[in-house]
file structure04.tsv (TSV, C-alpha atoms)
chain	number	residue	atom	x	y	z
A	1	MET	CA	3.47	-2.73	15.94
A	2	SER	CA	0.06	-1.16	15.35
A	3	LEU	CA	-2.62	-3.04	13.45
A	4	PHE	CA	-2.67	-1.97	9.79
A	5	GLN	CA	-6.04	-0.36	9.12
A	6	ALA	CA	-5.93	0.87	5.54
A	7	ASP	CA	-9.54	2.04	5.75
A	8	GLU	CA	-8.86	4.16	8.85
A	9	LEU	CA	-5.85	5.77	7.21
A	10	ILE	CA	-7.73	6.57	4.01
A	11	ALA	CA	-10.71	7.91	5.98
A	12	ALA	CA	-8.41	10.16	8.05
A	13	LEU	CA	-6.92	11.69	4.89
A	14	CYS	CA	-10.38	12.13	3.34
A	15	ARG	CA	-11.75	13.86	6.46
A	16	GLU	CA	-9.23	16.68	5.97
A	17	ASN	CA	-9.62	16.74	2.17
A	18	VAL	CA	-5.98	15.78	1.64
A	19	GLU	CA	-5.01	15.61	-2.04
A	20	PHE	CA	-3.36	12.21	-2.39
A	21	ILE	CA	-3.13	9.24	-4.75
A	22	VAL	CA	-3.03	5.65	-3.53
A	23	ILE	CA	-0.12	3.71	-5.04
A	24	GLY	CA	1.69	0.46	-4.12
A	25	GLY	CA	0.16	-2.65	-2.65
A	26	VAL	CA	-3.14	-1.10	-1.61
A	27	ALA	CA	-3.65	0.23	-5.14
A	28	ALA	CA	-2.89	-3.28	-6.42
A	29	THR	CA	-5.46	-4.72	-3.99
A	30	VAL	CA	-8.12	-2.25	-5.09
A	31	HIS	CA	-7.43	-3.22	-8.72
A	32	GLY	CA	-8.04	-6.87	-7.83
A	33	LEU	CA	-4.76	-8.39	-6.70
A	34	ASP	CA	-5.15	-11.08	-4.05
A	35	ARG	CA	-1.99	-10.40	-2.08
A	36	TYR	CA	-1.27	-9.10	1.38
A	37	THR	CA	0.34	-5.73	1.91
A	38	SER	CA	1.13	-4.19	5.26
A	39	ASP	CA	1.34	-0.45	4.57
A	40	LEU	CA	-0.42	2.34	2.72
A	41	ASP	CA	1.66	4.21	0.14
A	42	VAL	CA	0.43	7.56	-1.12
A	43	ILE	CA	1.72	10.35	-3.33
A	44	TYR	CA	0.71	13.68	-1.80
A	45	ARG	CA	0.46	17.12	-3.37
A	46	ARG	CA	3.24	19.48	-2.30
A	47	THR	CA	1.23	22.69	-2.03
A	48	PRO	CA	1.32	24.71	1.22
A	49	ASP	CA	-2.42	24.14	1.83
A	50	ASN	CA	-2.20	20.42	1.23
A	51	ILE	CA	0.87	20.04	3.42
A	52	GLN	CA	-1.14	21.67	6.23
A	53	ARG	CA	-3.98	19.21	5.56
A	54	VAL	CA	-1.61	16.21	5.63
A	55	ALA	CA	-0.24	17.29	9.00
A	56	LYS	CA	-3.74	17.90	10.40
A	57	ALA	CA	-5.07	14.58	9.10
A	58	MET	CA	-2.21	12.59	10.61
A	59	ASP	CA	-2.05	14.40	13.95
A	60	PRO	CA	-4.78	12.31	15.68
A	61	LEU	CA	-2.96	9.12	14.56
A	62	SER	CA	0.23	9.99	16.49
A	63	PRO	CA	2.65	9.59	13.58
A	64	SER	CA	6.26	8.63	14.28
A	65	LEU	CA	9.21	7.81	12.05
A	66	ARG	CA	9.20	4.09	11.32
A	67	GLY	CA	12.36	2.32	12.41
A	68	ALA	CA	13.73	5.35	14.25
A	69	PRO	CA	15.03	4.92	17.81
A	70	GLU	CA	12.32	5.18	20.44
A	71	GLY	CA	12.05	8.59	22.05
A	72	LEU	CA	13.50	10.40	19.04
A	73	PRO	CA	11.93	13.86	18.99
A	74	PHE	CA	9.82	13.99	15.83
A	75	ARG	CA	6.81	16.03	14.90
A	76	PHE	CA	5.00	15.39	11.66
A	77	ASP	CA	3.90	19.00	11.24
A	78	ALA	CA	3.79	21.29	8.20
A	79	GLU	CA	7.30	22.57	8.85
A	80	THR	CA	8.73	19.04	8.90
A	81	ILE	CA	6.88	18.11	5.72
A	82	VAL	CA	8.13	21.24	3.92
A	83	ARG	CA	11.71	20.39	4.88
A	84	GLY	CA	11.41	16.77	3.72
A	85	LEU	CA	9.95	14.91	0.76
A	86	ASN	CA	9.24	11.27	1.49
A	87	PHE	CA	8.19	10.01	4.94
A	88	THR	CA	7.88	6.43	6.16
A	89	LEU	CA	5.65	6.61	9.21
A	90	MET	CA	4.08	4.43	11.86
A	91	SER	CA	0.72	5.52	13.24
A	92	THR	CA	-2.00	4.20	15.53
A	93	ALA	CA	-3.69	2.91	12.34
A	94	GLY	CA	-0.51	1.24	11.12
A	95	PRO	CA	2.26	2.07	8.65
A	96	ILE	CA	1.80	4.78	6.04
A	97	ASP	CA	4.32	6.17	3.55
A	98	PHE	CA	3.98	9.66	2.10
A	99	PHE	CA	5.86	10.18	-1.15
A	100	ALA	CA	6.40	13.43	-3.02
A	101	THR	CA	7.92	11.43	-5.87
A	102	ALA	CA	8.21	7.76	-6.74
A	103	PRO	CA	9.71	5.71	-9.60
A	104	ALA	CA	7.95	6.70	-12.85
A	105	ALA	CA	6.00	9.41	-11.01
A	106	THR	CA	7.72	12.75	-10.61
A	107	SER	CA	4.89	14.47	-8.75
A	108	TYR	CA	1.24	14.37	-7.69
A	109	GLU	CA	0.41	16.66	-10.63
A	110	GLU	CA	1.94	14.22	-13.11
A	111	LEU	CA	0.39	11.14	-11.53
A	112	VAL	CA	-3.11	12.58	-11.24
A	113	GLU	CA	-3.45	12.19	-15.02
A	114	HIS	CA	-2.83	8.46	-14.61
A	115	SER	CA	-5.27	7.94	-11.76
A	116	VAL	CA	-8.88	6.89	-11.41
A	117	SER	CA	-11.41	8.03	-8.84
A	118	ILE	CA	-12.80	5.12	-6.81
A	119	LYS	CA	-15.34	5.16	-4.01
A	120	LEU	CA	-13.55	3.92	-0.88
A	121	CYS	CA	-14.43	4.47	2.78
A	122	GLY	CA	-17.33	6.72	1.78
A	123	CYS	CA	-15.28	9.15	-0.28
A	124	ASP	CA	-13.88	9.48	-3.78
A	125	VAL	CA	-10.25	8.40	-3.63
A	126	LEU	CA	-7.69	8.71	-6.41
A	127	VAL	CA	-5.95	5.42	-7.15
A	128	VAL	CA	-3.16	5.07	-9.68
A	129	GLU	CA	-4.24	3.29	-12.87
A	130	LEU	CA	-3.22	-0.33	-13.34
A	131	ASP	CA	-0.88	0.36	-16.29
A	132	LYS	CA	0.86	3.17	-14.43
A	133	LEU	CA	1.14	1.03	-11.31
A	134	ILE	CA	2.92	-1.65	-13.35
A	135	GLU	CA	5.22	1.04	-14.82
A	136	MET	CA	6.02	2.29	-11.32
A	137	LYS	CA	6.74	-1.21	-10.05
A	138	ARG	CA	8.99	-1.84	-13.06
A	139	GLY	CA	10.70	1.49	-12.46
A	140	ALA	CA	11.47	0.55	-8.87
A	141	GLY	CA	13.39	-2.46	-10.20
A	142	ARG	CA	13.10	-4.38	-6.94
A	143	VAL	CA	13.33	-8.16	-7.11
A	144	LYS	CA	10.51	-8.47	-4.55
A	145	ASP	CA	8.18	-6.68	-6.99
A	146	PHE	CA	8.68	-9.06	-9.93
A	147	GLU	CA	6.04	-11.50	-8.71
A	148	MET	CA	3.59	-8.66	-8.13
A	149	ILE	CA	4.22	-7.31	-11.64
A	150	ALA	CA	3.41	-10.75	-13.04
A	151	MET	CA	0.13	-10.80	-11.10
A	152	LEU	CA	-0.75	-7.24	-12.10
A	153	GLU	CA	-0.18	-8.09	-15.76
A	154	GLU	CA	-2.50	-11.08	-15.38
A	155	LEU	CA	-5.18	-8.67	-14.15
A	156	LYS	CA	-5.17	-7.22	-17.65
A	157	ASN	CA	-5.60	-10.68	-19.14
A	158	PRO	CA	-9.13	-11.09	-20.56
A	159	LEU	CA	-9.22	-14.61	-19.11
A	160	ALA	CA	-9.13	-13.07	-15.66
A	161	ASP	CA	-12.10	-10.87	-16.43
A	162	GLY	CA	-15.50	-11.64	-15.00
A	163	GLY	CA	-15.59	-9.25	-12.10
A	164	GLU	CA	-15.49	-5.55	-11.50
A	165	PRO	CA	-12.07	-4.12	-12.21
A	166	ALA	CA	-11.27	-0.83	-10.55
A	167	SER	CA	-10.43	0.86	-13.83
B	1	MET	CA	6.98	0.94	-32.09
B	2	THR	CA	9.16	-2.00	-31.20
B	3	ASN	CA	8.64	-3.66	-27.87
B	4	ILE	CA	12.05	-3.80	-26.21
B	5	ARG	CA	12.34	-6.67	-23.78
B	6	SER	CA	14.81	-6.84	-20.95
B	7	SER	CA	16.03	-9.68	-18.76
B	8	ILE	CA	13.50	-8.49	-16.18
B	9	ASP	CA	10.71	-9.49	-18.60
B	10	ASP	CA	12.05	-13.04	-18.71
B	11	ILE	CA	11.91	-13.23	-14.91
B	12	ILE	CA	8.39	-11.77	-14.83
B	13	ASP	CA	7.31	-14.33	-17.46
B	14	LEU	CA	8.57	-17.11	-15.18
B	15	TYR	CA	6.44	-15.76	-12.34
B	16	ARG	CA	3.43	-15.41	-14.66
B	17	ARG	CA	3.41	-19.18	-15.23
B	18	ASP	CA	2.55	-19.70	-11.56
B	19	VAL	CA	-0.06	-16.98	-11.12
B	20	ASP	CA	-3.30	-18.52	-9.86
B	21	ILE	CA	-5.82	-17.04	-12.28
B	22	THR	CA	-8.74	-18.49	-10.28
B	23	LEU	CA	-7.86	-16.28	-7.30
B	24	ILE	CA	-7.75	-13.24	-9.56
B	25	ARG	CA	-11.13	-14.15	-11.07
B	26	GLU	CA	-12.71	-14.50	-7.62
B	27	ASN	CA	-11.23	-11.20	-6.49
B	28	LEU	CA	-12.50	-9.39	-9.56
B	29	LYS	CA	-16.03	-10.37	-8.56
B	30	LEU	CA	-15.69	-8.08	-5.54
B	31	THR	CA	-16.10	-4.32	-5.65
B	32	PRO	CA	-13.01	-2.18	-4.96
B	33	GLU	CA	-14.42	-1.38	-1.49
B	34	GLN	CA	-14.91	-5.10	-0.76
B	35	ARG	CA	-11.32	-5.78	-1.85
B	36	LEU	CA	-10.09	-3.09	0.55
B	37	GLN	CA	-12.17	-4.55	3.39
B	38	LYS	CA	-10.79	-8.01	2.62
B	39	LEU	CA	-7.27	-6.56	3.02
B	40	VAL	CA	-8.27	-4.93	6.33
B	41	ALA	CA	-9.69	-8.24	7.60
B	42	ARG	CA	-6.53	-10.05	6.50
B	43	ALA	CA	-4.38	-7.48	8.35
B	44	LYS	CA	-6.47	-8.01	11.49
B	45	PHE	CA	-6.08	-11.79	11.24
B	46	THR	CA	-2.32	-11.49	10.67
B	47	HIS	CA	-2.05	-9.18	13.69
B	48	GLU	CA	-3.96	-11.72	15.83
B	49	LEU	CA	-1.62	-14.51	14.67
B	50	HIS	CA	1.41	-12.40	15.61
B	51	GLU	CA	-0.08	-11.69	19.04
B	52	ALA	CA	-0.89	-15.37	19.58
B	53	GLY	CA	2.68	-16.29	18.62
B	54	ARG	CA	4.08	-13.72	21.02
B	55	THR	CA	1.90	-14.99	23.87
B	56	MET	CA	2.91	-18.59	23.12
B	57	ARG	CA	6.62	-17.71	23.16
B	58	GLN	CA	6.23	-15.86	26.47
B	59	THR	CA	4.35	-18.81	27.99
B	60	GLN	CA	7.01	-21.25	26.78
B	61	ALA	CA	9.82	-19.06	28.14
B	62	ALA	CA	8.08	-18.80	31.52
B	63	HIS	CA	7.60	-22.58	31.54
B	64	ARG	CA	11.29	-23.18	30.72
B	65	ASN	CA	12.35	-20.80	33.49
B	66	SER	CA	10.08	-22.45	36.06
B	67	THR	CA	11.36	-25.97	35.22
B	68	LYS	CA	14.99	-24.76	35.51
B	69	SER	CA	14.54	-23.42	39.02
call {"tool": "encode", "arguments": {"input": "structure04.tsv", "output": "C-alpha cells"}}
result
Amino acid sequence: MSLFQADELIAALCRENVEFIVIGGVAATVHGLDRYTSDLDVIYRRTPDNIQRVAKAMDPLSPSLRGAPEGLPFRFDAETIVRGLNFTLMSTAGPIDFFATAPAATSYEELVEHSVSIKLCGCDVLVVELDKLIEMKRGAGRVKDFEMIAMLEELKNPLADGGEPAS
Amino acid sequence: MTNIRSSIDDIIDLYRRDVDITLIRENLKLTPEQRLQKLVARAKFTHELHEAGRTMRQTQAAHRNSTKS
C-alpha cells in the first residue's frame, strides 16, 4: 500500500485547478481534530471541464480502483468519471476518494456554500465547515463515526479554544 | 425550534465524556497547514511501522524455516 501523502494529493489537484472540497477525516484534521485518517475524501464538481481537470490531475499518480483485483483494466479518464459518480482510488500518493454526492451534501454546488477557503500546500483549498462536517458525519450514521462526532463537537466548545481554528 | 434528540445523541454524549480536551487545545494552537503536515508525518511514521512489522515477520518466518530444515 502506498504511503498516504495528503499534501501531495491536494497539491496535485491544485496544480490542475480542480474544483473540489475537502471533507472527511482530513477536513476534521484541518479543523483541529487530533486523530489519524488514512485517506483523502473530496467532493468534486461534475462539470465537463472539471471532470477533465480531475482526470489530468490524477493521471501522474497512477490511479487504480482500491480493492479491485490486480490487473483489472481501469482508466481514470474523463469518460470513466462521466459514467460513474463516486470513486475510491489508490494512487502513488495514497488513497483518495472522489465523491459527487455524500450524506447531507447533494452536490459540490450545494456544499460550496458550507465551505471555507484555507491556505494549504501553497494554494487556497475549500474545506467543508465544521458544522456541516458534523452534519455529514451524522448523516452517514456509521458507528465508527460516533467518536469522531463527539470530538468534532468538542472543537466547538469554548473551553477548547485557545488556538487557531480553521473556520 | 425544538432540539430533537435521538439515541445516537446519547451514544455521542458517552464518547464526549472521554474526549481529551488537552489534545484539542494543543492542536488548535497549530495553523491548519501545520495540522495537515502533522497528519502527513503521522502517516509516514505509520507506514514505517507497517514496513518494520512486515520485515520482522519475514525474518521470523525465514528463521523458523531454517531451524526446521
call {"tool": "residues_around", "arguments": {"input": "structure04.tsv", "residues": "Arg15 in chain A", "least_positions_apart": "6", "cutoff": "10 Å", "atoms": "all atoms listed in the file", "output": "ChimeraX atom specification"}}
result
/A:53,56-57,123
call {"tool": "axis_aligned_box", "arguments": {"input": "structure04.tsv", "around": "range 1-19 of chain B", "padding_each_side": "3 Å", "output": "lines of an AutoDock Vina configuration file"}}
result
center_x = 8.0
center_y = -9.4
center_z = -21.6
size_x = 22.1
size_y = 26.6
size_z = 27.0
call {"tool": "interface_residues", "arguments": {"input": "structure04.tsv", "of": "chain B", "to": "chain A", "cutoff": "7 Å", "atoms": "all atoms listed in the file", "output": "PyMOL selection string"}}
result
chain B and resi 12-13+15-16+19+21+23-25+27-33+35-36+39-40+43-44+47
call {"tool": "write_last_selection", "arguments": {"input": "structure04.tsv", "atoms": "C-alpha atoms", "output": "PDB file, in the frame of the given file"}}
result
ATOM      1  CA  ILE B  12       8.390 -11.770 -14.830  1.00  0.00           C
ATOM      2  CA  ASP B  13       7.310 -14.330 -17.460  1.00  0.00           C
ATOM      3  CA  TYR B  15       6.440 -15.760 -12.340  1.00  0.00           C
ATOM      4  CA  ARG B  16       3.430 -15.410 -14.660  1.00  0.00           C
ATOM      5  CA  VAL B  19      -0.060 -16.980 -11.120  1.00  0.00           C
ATOM      6  CA  ILE B  21      -5.820 -17.040 -12.280  1.00  0.00           C
ATOM      7  CA  LEU B  23      -7.860 -16.280  -7.300  1.00  0.00           C
ATOM      8  CA  ILE B  24      -7.750 -13.240  -9.560  1.00  0.00           C
ATOM      9  CA  ARG B  25     -11.130 -14.150 -11.070  1.00  0.00           C
ATOM     10  CA  ASN B  27     -11.230 -11.200  -6.490  1.00  0.00           C
ATOM     11  CA  LEU B  28     -12.500  -9.390  -9.560  1.00  0.00           C
ATOM     12  CA  LYS B  29     -16.030 -10.370  -8.560  1.00  0.00           C
ATOM     13  CA  LEU B  30     -15.690  -8.080  -5.540  1.00  0.00           C
ATOM     14  CA  THR B  31     -16.100  -4.320  -5.650  1.00  0.00           C
ATOM     15  CA  PRO B  32     -13.010  -2.180  -4.960  1.00  0.00           C
ATOM     16  CA  GLU B  33     -14.420  -1.380  -1.490  1.00  0.00           C
ATOM     17  CA  ARG B  35     -11.320  -5.780  -1.850  1.00  0.00           C
ATOM     18  CA  LEU B  36     -10.090  -3.090   0.550  1.00  0.00           C
ATOM     19  CA  LEU B  39      -7.270  -6.560   3.020  1.00  0.00           C
ATOM     20  CA  VAL B  40      -8.270  -4.930   6.330  1.00  0.00           C
ATOM     21  CA  ALA B  43      -4.380  -7.480   8.350  1.00  0.00           C
ATOM     22  CA  LYS B  44      -6.470  -8.010  11.490  1.00  0.00           C
ATOM     23  CA  HIS B  47      -2.050  -9.180  13.690  1.00  0.00           C
TER      24      HIS B  47
END
call {"tool": "atom_distance", "arguments": {"input": "structure04.tsv", "atom1": "CA of Leu9 in chain A", "atom2": "CA of Thr92 in chain A"}}
result
9.3 Å
call {"tool": "atom_distance", "arguments": {"input": "structure04.tsv", "atom1": "CA of Asp9 in chain B", "atom2": "CA of Ala102 in chain A"}}
result
21.1 Å
call {"tool": "closest_residue", "arguments": {"input": "structure04.tsv", "among": "A:Val54, A:Ile21, A:Ala93, A:Cys14", "to": "Glu79 in chain A", "atoms": "all atoms listed in the file"}}
result
A:Val54
call {"tool": "atom_distance", "arguments": {"input": "structure04.tsv", "atom1": "CA of Asn50 in chain A", "atom2": "CA of Phe20 in chain A"}}
result
9.0 Å
call {"tool": "residues_around", "arguments": {"input": "structure04.tsv", "residues": "Tyr108 in chain A", "least_positions_apart": "4", "cutoff": "7 Å", "atoms": "all atoms listed in the file", "output": "compact mmCIF listing (two decimals) with C-alpha atoms, keeping the file's coordinate frame"}}
result
# COMPACT_ATOMS: atom_id res chain seq x y z
CA ILE A 43 1.72 10.35 -3.33
CA TYR A 44 0.71 13.68 -1.80
CA ARG A 45 0.46 17.12 -3.37
CA VAL A 112 -3.11 12.58 -11.24
call {"tool": "residues_around", "arguments": {"input": "structure04.tsv", "residues": "Ser91 in chain A", "least_positions_apart": "3", "cutoff": "8 Å", "atoms": "all atoms listed in the file", "output": "number ranges by chain"}}
result
A: 2, 61-64, 94-96
call {"tool": "decode", "arguments": {"input": "structure04.tsv", "residues": "range 22-63 of chain B", "atoms": "N, CA and C atoms", "output": "mmCIF file, in the first residue's frame"}}
result
data_model
loop_
_atom_site.group_PDB
_atom_site.id
_atom_site.type_symbol
_atom_site.label_atom_id
_atom_site.label_comp_id
_atom_site.auth_asym_id
_atom_site.auth_seq_id
_atom_site.Cartn_x
_atom_site.Cartn_y
_atom_site.Cartn_z
ATOM 1 N N THR B 22 -7.312 18.408 26.291
ATOM 2 C CA THR B 22 -5.955 18.995 26.249
ATOM 3 C C THR B 22 -5.315 18.778 24.878
ATOM 4 N N LEU B 23 -5.602 17.618 24.260
ATOM 5 C CA LEU B 23 -5.076 17.354 22.919
ATOM 6 C C LEU B 23 -5.678 18.317 21.901
ATOM 7 N N ILE B 24 -6.970 18.570 22.077
ATOM 8 C CA ILE B 24 -7.652 19.505 21.164
ATOM 9 C C ILE B 24 -7.059 20.899 21.327
ATOM 10 N N ARG B 25 -6.849 21.312 22.577
ATOM 11 C CA ARG B 25 -6.277 22.646 22.828
ATOM 12 C C ARG B 25 -4.912 22.795 22.166
ATOM 13 N N GLU B 26 -4.071 21.763 22.333
ATOM 14 C CA GLU B 26 -2.730 21.809 21.738
ATOM 15 C C GLU B 26 -2.815 21.888 20.224
ATOM 16 N N ASN B 27 -3.730 21.123 19.660
ATOM 17 C CA ASN B 27 -3.869 21.098 18.197
ATOM 18 C C ASN B 27 -4.381 22.427 17.654
ATOM 19 N N LEU B 28 -5.222 23.081 18.428
ATOM 20 C CA LEU B 28 -5.766 24.366 17.968
ATOM 21 C C LEU B 28 -4.720 25.477 17.983
ATOM 22 N N LYS B 29 -3.590 25.205 18.638
ATOM 23 C CA LYS B 29 -2.502 26.198 18.623
ATOM 24 C C LYS B 29 -1.777 26.188 17.281
ATOM 25 N N LEU B 30 -1.937 25.090 16.538
ATOM 26 C CA LEU B 30 -1.278 24.971 15.237
ATOM 27 C C LEU B 30 -2.119 25.650 14.150
ATOM 28 N N THR B 31 -1.467 26.026 13.070
ATOM 29 C CA THR B 31 -2.214 26.548 11.922
ATOM 30 C C THR B 31 -2.800 25.354 11.159
ATOM 31 N N PRO B 32 -3.816 25.585 10.317
ATOM 32 C CA PRO B 32 -4.355 24.473 9.518
ATOM 33 C C PRO B 32 -3.269 23.750 8.717
ATOM 34 N N GLU B 33 -2.315 24.494 8.150
ATOM 35 C CA GLU B 33 -1.238 23.870 7.370
ATOM 36 C C GLU B 33 -0.373 22.972 8.276
ATOM 37 N N GLN B 34 -0.091 23.461 9.488
ATOM 38 C CA GLN B 34 0.707 22.653 10.431
ATOM 39 C C GLN B 34 -0.042 21.374 10.825
ATOM 40 N N ARG B 35 -1.359 21.482 10.961
ATOM 41 C CA ARG B 35 -2.160 20.297 11.310
ATOM 42 C C ARG B 35 -2.101 19.277 10.175
ATOM 43 N N LEU B 36 -2.142 19.776 8.933
ATOM 44 C CA LEU B 36 -2.062 18.868 7.780
ATOM 45 C C LEU B 36 -0.689 18.194 7.748
ATOM 46 N N GLN B 37 0.360 18.974 8.001
ATOM 47 C CA GLN B 37 1.715 18.408 7.977
ATOM 48 C C GLN B 37 1.914 17.389 9.107
ATOM 49 N N LYS B 38 1.256 17.636 10.232
ATOM 50 C CA LYS B 38 1.320 16.679 11.351
ATOM 51 C C LYS B 38 0.681 15.349 10.915
ATOM 52 N N LEU B 39 -0.424 15.430 10.178
ATOM 53 C CA LEU B 39 -1.087 14.225 9.667
ATOM 54 C C LEU B 39 -0.168 13.501 8.677
ATOM 55 N N VAL B 40 0.490 14.255 7.811
ATOM 56 C CA VAL B 40 1.399 13.660 6.826
ATOM 57 C C VAL B 40 2.551 12.943 7.547
ATOM 58 N N ALA B 41 3.106 13.587 8.567
ATOM 59 C CA ALA B 41 4.201 12.978 9.329
ATOM 60 C C ALA B 41 3.725 11.711 10.039
ATOM 61 N N ARG B 42 2.508 11.764 10.560
ATOM 62 C CA ARG B 42 1.945 10.598 11.254
ATOM 63 C C ARG B 42 1.739 9.437 10.272
ATOM 64 N N ALA B 43 1.290 9.773 9.051
ATOM 65 C CA ALA B 43 1.098 8.740 8.022
ATOM 66 C C ALA B 43 2.431 8.095 7.667
ATOM 67 N N LYS B 44 3.477 8.918 7.582
ATOM 68 C CA LYS B 44 4.815 8.409 7.244
ATOM 69 C C LYS B 44 5.302 7.457 8.351
ATOM 70 N N PHE B 45 5.108 7.868 9.599
ATOM 71 C CA PHE B 45 5.528 7.049 10.732
ATOM 72 C C PHE B 45 4.761 5.720 10.754
ATOM 73 N N THR B 46 3.451 5.798 10.531
ATOM 74 C CA THR B 46 2.615 4.587 10.496
ATOM 75 C C THR B 46 3.091 3.644 9.393
ATOM 76 N N HIS B 47 3.406 4.224 8.229
ATOM 77 C CA HIS B 47 3.889 3.429 7.099
ATOM 78 C C HIS B 47 5.203 2.725 7.469
ATOM 79 N N GLU B 48 6.096 3.463 8.147
ATOM 80 C CA GLU B 48 7.385 2.884 8.561
ATOM 81 C C GLU B 48 7.174 1.743 9.554
ATOM 82 N N LEU B 49 6.203 1.918 10.466
ATOM 83 C CA LEU B 49 5.898 0.851 11.438
ATOM 84 C C LEU B 49 5.388 -0.400 10.718
ATOM 85 N N HIS B 50 4.515 -0.190 9.729
ATOM 86 C CA HIS B 50 3.991 -1.328 8.961
ATOM 87 C C HIS B 50 5.118 -2.056 8.246
ATOM 88 N N GLU B 51 6.026 -1.282 7.650
ATOM 89 C CA GLU B 51 7.150 -1.873 6.919
ATOM 90 C C GLU B 51 8.056 -2.654 7.866
ATOM 91 N N ALA B 52 8.304 -2.066 9.047
ATOM 92 C CA ALA B 52 9.156 -2.730 10.038
ATOM 93 C C ALA B 52 8.511 -4.046 10.484
ATOM 94 N N GLY B 53 7.191 -4.010 10.679
ATOM 95 C CA GLY B 53 6.466 -5.218 11.082
ATOM 96 C C GLY B 53 6.544 -6.291 10.008
ATOM 97 N N ARG B 54 6.423 -5.863 8.752
ATOM 98 C CA ARG B 54 6.493 -6.814 7.642
ATOM 99 C C ARG B 54 7.873 -7.466 7.568
ATOM 100 N N THR B 55 8.912 -6.631 7.713
ATOM 101 C CA THR B 55 10.284 -7.141 7.676
ATOM 102 C C THR B 55 10.514 -8.135 8.810
ATOM 103 N N MET B 56 10.009 -7.772 10.006
ATOM 104 C CA MET B 56 10.186 -8.643 11.176
ATOM 105 C C MET B 56 9.506 -9.999 10.947
ATOM 106 N N ARG B 57 8.287 -9.958 10.398
ATOM 107 C CA ARG B 57 7.571 -11.224 10.159
ATOM 108 C C ARG B 57 8.301 -12.093 9.131
ATOM 109 N N GLN B 58 8.861 -11.436 8.108
ATOM 110 C CA GLN B 58 9.600 -12.186 7.082
ATOM 111 C C GLN B 58 10.858 -12.818 7.682
ATOM 112 N N THR B 59 11.547 -12.038 8.536
ATOM 113 C CA THR B 59 12.766 -12.537 9.180
ATOM 114 C C THR B 59 12.440 -13.729 10.077
ATOM 115 N N GLN B 60 11.342 -13.597 10.847
ATOM 116 C CA GLN B 60 10.941 -14.677 11.752
ATOM 117 C C GLN B 60 10.557 -15.935 10.967
ATOM 118 N N ALA B 61 9.844 -15.732 9.859
ATOM 119 C CA ALA B 61 9.440 -16.885 9.028
ATOM 120 C C ALA B 61 10.668 -17.580 8.455
ATOM 121 N N ALA B 62 11.641 -16.793 7.991
ATOM 122 C CA ALA B 62 12.873 -17.364 7.429
ATOM 123 C C ALA B 62 13.631 -18.132 8.503
ATOM 124 N N HIS B 63 13.627 -17.562 9.729
ATOM 125 C CA HIS B 63 14.325 -18.210 10.848
ATOM 126 C C HIS B 63 13.661 -19.549 11.187
#
